[in-house]
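**Q** Let me give you the structure first, and then I'll get to my questions.
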Amino acid sequence: MKKLLTQLLFTLLFLFICNSANALEIDKKFIRDNLEKSNYSIDSEASAVVLYENRTMRGLEEHGHQHYGFTQKETIHKVIRVLKNDALSLANVHIQFYYDDIYNYVSILKAVTYTLENGTVVESSLDKKDVYNKNIIKDVYGVHFSLPSVKPGSIIEYTYEIVTNHIYRAYSWYIQSEYPKLLTEFETSYSDRFEFTAISNIAESEKKYPTTLDAELGTEDYCHGKDVTYSTGNHNTAFWLRRNVPALRMEPFMRNINIYKEKVELQMTGYFIDDKHERFANSWSKQNDEIWNKQKLDKAINGSNKFLHEIVDSISQLEPSILGKTKAIYNYVRSNIKCIKSNDKRFPSEFALKSVFEKKEGKIYDINLLLTAMLVHAGVDASPMLISTTAEIPQNEIFPVMDRIDYLVAAVMIDTANVYLDATNKNNPFGVLSTHCYNGFSWILGEKGQGILLIPEAIREKTKIAARVYDMNDTSASIEIIERFGPIRSAGYRRTWASNDKSKEKYIDDIEHSFSSNITLLNSEVLNENNPDTNLIIKIE
């Protein structure tokens, strides 16, 4: 009985401290004081100011002694002052999550708009009938709503919770946005069987406090509440707070805005099971072993894969050389397997290559893993390569951050050099990656694996222009202009033209309109448009 009471006391204490973490009280006085403000010193020209936001992640909770499942709950709470018309779109809220069933759903959805009318604070609450559910793409669902009666000067406040039994939302804190923030908080609570390492991308110095509550009561712009273990719940909590966050906007010569964006990333680096502490993912070699051996990517690529026998053997008989087989297999995958668009950038935990081959469609990872397996089956030295594209912060060469991995290609050793292949689009040329792949450190998976650098300086791209003047006389002359694009630019135009029938026509029209009025376009011609492995040529007369 005493033990039971002790456990109950610890549980209540745990819940009390978690709920007390939100030290900022969003009461009527707070709302009125902000409604009466005309601008904010943090950014007097801002179209909106985030007054408060909190993101709380709780998860990795065991369902049973022998079952290592969990329920992950993510709660979002935001209070935003809308100051100008161009920020009214903030009232349109779009929530995305994976799957939609009794284990995966959106709950606790509340939203209200505050306005000041003749000195009185008026509240307009969201009607549940104005909340819309939608299947966006395969396995990705959305909940959408618009807060009512929003106009410049309004304050909008909303809260919602995403419940899931899939790890699909990273335990990471993305701090900056296009609008300044007065106060933003991030809290995590997870089973003490798991170990996380925090990677910070914040210029401000971090003030560490012993508890979450102490951090809330501090005055520094960047605070962290030290992890605290509550023995009853077997959970760890970690809390971060950031005050006076400036807006982040794209500026000239800023190649990748994510490099400058403040955030804290939590990478899972270990766990306890059967009283044994297992560390993983805290080095590239360990991450390589996790994927290659424990997740059985080695078996998926180098296994028998009998379903590939017929097609790979027939291609190999026609192209006996390594280079010939590589080009032929690449062309087969590029031409026959359709890439499915997806917002899910996670590296897969399972590899269904047979399904991709039979359905003739898959995501980026699926297609290039299938390509790698086919090349290996044909006796080609091929391996999958993990890439963090220019949409992400470049990878750390010492410590892998899997949340930044958002692309995969095939690395093929031909003679003594690596050739990189991306078969996810029929207009991708052989051996040429798009510029977004060149974002620093990348990792080739394998028995041991190896790191390489894909840097923008390695891109060799030239556009050549030749002009010929003929039939000259006293009043006129004919001119022929030939523009030969490099392979990357050629691929870019082919992809654009394939997705938009009118874009090629517009390109030619723009050329014609760039000429002065006394120049007449007699003829235009596009050469090599349907051969992705050649340079695109534009001929103008």
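For the structure tokens, the naming scheme is as follows: chains receive sequential letters (A, B, ...) according to their order of presentation, residues are indexed from 1 within each chain, and ligands are indexed from 1 in presentation order.
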Name all residues at most 6 Å from segment 105-114 of chain A (count only C-alpha atoms; drop same-chain ones fewer than 5 positions away) and give them as a list in words.

**A**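 Residues meeting the cut-off are Asp100, Val122, Glu123, Ser124, Ser125, Leu126, Ser154, Ile155, Ile156, Glu157, Tyr158, Thr159, Tyr160, Glu161, Ile162 and Val163 of chain A.
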
**Q** Restricting it to all heavy atoms, dump the selection as a short mmCIF file (atom, residue, chain, number, x, y, z; two decimals), in the first residue's frame.

**A**
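New file part39.cif:
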```
data_model
loop_
_atom_site.label_atom_id
_atom_site.label_comp_id
_atom_site.auth_asym_id
_atom_site.auth_seq_id
_atom_site.Cartn_x
_atom_site.Cartn_y
_atom_site.Cartn_z
N ASP A 100 -4.27 7.36 -40.93
CA ASP A 100 -5.48 7.93 -40.32
C ASP A 100 -6.34 6.76 -39.84
O ASP A 100 -7.09 6.17 -40.62
CB ASP A 100 -6.23 8.78 -41.34
CG ASP A 100 -7.40 9.52 -40.72
OD1 ASP A 100 -7.43 9.61 -39.48
OD2 ASP A 100 -8.27 9.99 -41.46
N VAL A 122 -13.55 40.86 -28.09
CA VAL A 122 -14.56 39.96 -28.65
C VAL A 122 -13.89 38.66 -29.06
O VAL A 122 -12.86 38.68 -29.74
CB VAL A 122 -15.27 40.61 -29.86
CG1 VAL A 122 -16.28 39.64 -30.47
CG2 VAL A 122 -15.95 41.91 -29.45
N GLU A 123 -14.47 37.54 -28.65
CA GLU A 123 -13.92 36.23 -28.99
C GLU A 123 -14.80 35.54 -30.03
O GLU A 123 -16.02 35.52 -29.90
CB GLU A 123 -13.85 35.34 -27.73
CG GLU A 123 -12.95 35.91 -26.64
CD GLU A 123 -12.85 34.97 -25.45
OE1 GLU A 123 -13.23 33.78 -25.61
OE2 GLU A 123 -12.41 35.41 -24.38
N SER A 124 -14.16 34.97 -31.05
CA SER A 124 -14.87 34.19 -32.08
C SER A 124 -14.22 32.82 -32.13
O SER A 124 -13.06 32.69 -32.52
CB SER A 124 -14.77 34.88 -33.44
OG SER A 124 -15.30 36.19 -33.39
N SER A 125 -14.95 31.80 -31.72
CA SER A 125 -14.40 30.45 -31.64
C SER A 125 -14.65 29.66 -32.92
O SER A 125 -15.64 29.87 -33.62
CB SER A 125 -15.01 29.70 -30.45
OG SER A 125 -14.68 30.34 -29.25
N LEU A 126 -13.75 28.75 -33.21
CA LEU A 126 -13.88 27.89 -34.38
C LEU A 126 -15.02 26.90 -34.18
O LEU A 126 -15.11 26.25 -33.14
CB LEU A 126 -12.56 27.14 -34.61
CG LEU A 126 -12.53 26.11 -35.74
CD1 LEU A 126 -12.59 26.81 -37.10
CD2 LEU A 126 -11.27 25.25 -35.66
N SER A 154 -6.03 41.54 -35.18
CA SER A 154 -6.55 40.40 -34.42
C SER A 154 -5.43 39.60 -33.78
O SER A 154 -4.27 39.64 -34.20
CB SER A 154 -7.36 39.47 -35.33
OG SER A 154 -8.47 40.13 -35.89
N ILE A 155 -5.81 38.83 -32.75
CA ILE A 155 -4.93 37.81 -32.18
C ILE A 155 -5.60 36.46 -32.44
O ILE A 155 -6.80 36.30 -32.18
CB ILE A 155 -4.73 38.01 -30.68
CG1 ILE A 155 -3.88 39.25 -30.42
CG2 ILE A 155 -4.05 36.79 -30.05
CD1 ILE A 155 -3.68 39.57 -28.94
N ILE A 156 -4.84 35.53 -32.96
CA ILE A 156 -5.36 34.18 -33.15
C ILE A 156 -4.64 33.23 -32.19
O ILE A 156 -3.44 33.36 -31.95
CB ILE A 156 -5.21 33.69 -34.61
CG1 ILE A 156 -3.74 33.69 -35.05
CG2 ILE A 156 -6.03 34.54 -35.56
CD1 ILE A 156 -3.51 33.11 -36.44
N GLU A 157 -5.40 32.31 -31.64
CA GLU A 157 -4.84 31.32 -30.72
C GLU A 157 -5.42 29.96 -31.07
O GLU A 157 -6.63 29.82 -31.25
CB GLU A 157 -5.19 31.65 -29.27
CG GLU A 157 -4.65 30.62 -28.27
CD GLU A 157 -5.02 30.93 -26.83
OE1 GLU A 157 -5.91 31.79 -26.62
OE2 GLU A 157 -4.43 30.32 -25.91
N TYR A 158 -4.55 28.97 -31.22
CA TYR A 158 -5.05 27.62 -31.49
C TYR A 158 -4.14 26.57 -30.85
O TYR A 158 -2.95 26.79 -30.62
CB TYR A 158 -5.21 27.36 -32.98
CG TYR A 158 -3.96 27.53 -33.83
CD1 TYR A 158 -3.06 26.48 -33.99
CD2 TYR A 158 -3.72 28.73 -34.49
CE1 TYR A 158 -1.94 26.63 -34.79
CE2 TYR A 158 -2.60 28.89 -35.28
CZ TYR A 158 -1.70 27.84 -35.44
OH TYR A 158 -0.58 28.00 -36.21
N THR A 159 -4.78 25.43 -30.55
CA THR A 159 -4.09 24.29 -29.94
C THR A 159 -4.59 23.02 -30.61
O THR A 159 -5.77 22.89 -30.90
CB THR A 159 -4.40 24.20 -28.43
OG1 THR A 159 -4.02 25.41 -27.80
CG2 THR A 159 -3.65 23.04 -27.79
N TYR A 160 -3.68 22.10 -30.88
CA TYR A 160 -4.09 20.78 -31.38
C TYR A 160 -3.05 19.75 -30.97
O TYR A 160 -1.92 20.09 -30.59
CB TYR A 160 -4.28 20.78 -32.90
CG TYR A 160 -3.04 21.08 -33.71
CD1 TYR A 160 -2.13 20.09 -34.03
CD2 TYR A 160 -2.79 22.37 -34.16
CE1 TYR A 160 -1.00 20.36 -34.78
CE2 TYR A 160 -1.67 22.66 -34.91
CZ TYR A 160 -0.78 21.65 -35.22
OH TYR A 160 0.35 21.93 -35.96
N GLU A 161 -3.45 18.50 -31.03
CA GLU A 161 -2.56 17.40 -30.67
C GLU A 161 -2.60 16.33 -31.75
O GLU A 161 -3.68 15.96 -32.23
CB GLU A 161 -2.98 16.79 -29.33
CG GLU A 161 -2.08 15.66 -28.86
CD GLU A 161 -2.52 15.11 -27.51
OE1 GLU A 161 -3.51 14.36 -27.47
OE2 GLU A 161 -1.87 15.46 -26.51
N ILE A 162 -1.43 15.85 -32.16
CA ILE A 162 -1.32 14.74 -33.10
C ILE A 162 -0.93 13.49 -32.32
O ILE A 162 0.09 13.48 -31.62
CB ILE A 162 -0.28 15.02 -34.20
CG1 ILE A 162 -0.67 16.25 -35.02
CG2 ILE A 162 -0.13 13.81 -35.12
CD1 ILE A 162 0.36 16.65 -36.05
N VAL A 163 -1.74 12.46 -32.43
CA VAL A 163 -1.47 11.18 -31.76
C VAL A 163 -1.09 10.16 -32.82
O VAL A 163 -1.77 10.05 -33.86
CB VAL A 163 -2.71 10.69 -30.98
CG1 VAL A 163 -2.42 9.37 -30.28
CG2 VAL A 163 -3.15 11.75 -29.97
#
```

**Q** Apply DSSP to the backbone of this structure and, from segment 26-257 of chain A, keep only the residues in alpha helix (DSSP H); write these as a list in words.

**A**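 Checking each residue of segment 26-257 of chain A, the alpha helix (DSSP H) ones are Lys28, Lys29, Phe30, Ile31, Arg32, Asp33, Asn34, Leu35, Thr212, Leu213, Asp214, Ala215, Glu216 and Leu217 of chain A.
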
**Q** Just list as number ranges by chain whatever in segment 262-477 of chain A DSSP marks as strand (DSSP E or B).

**A** A: 263-273, 276-279, 338-339, 361-362, 382-387, 407-414, 417-421, 440-444, 450-454, 464-470

**Q** Please determine, counting only C-alpha atoms, which residue among A:Phe145, A:Tyr507, A:Tyr330, A:Tyr52 has the shortest atom-to-atom distance to Lys129 of chain A.

**A** A:Phe145

**Q** Compare A:Lys296, A:Lys181, A:Lys354, A:Lys29 by their minimum atom-to-atom distance to Ser41 of chain A, counting only C-alpha atoms, and give me the closest one.

**A**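 Among A:Lys296, A:Lys181, A:Lys354, A:Lys29, it is A:Lys181 that comes nearest to Ser41 of chain A.
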
**Q** List as an MDAnalysis selection string the protein and nucleic acid residues near Thr219 of chain A, meaning an atom at most 12 Å away when only C-alpha atoms are counted, but skip any in the same chain fewer than 5 places from it.

**A** chainID A and resid 183 206:209 214 224 241:244

**Q** Using only C-alpha atoms for the distances, tell me which of A:Lys276, A:Arg404, A:Arg58, A:Lys294 is nearest to Asn439 of chain A.

**A** A:Arg404
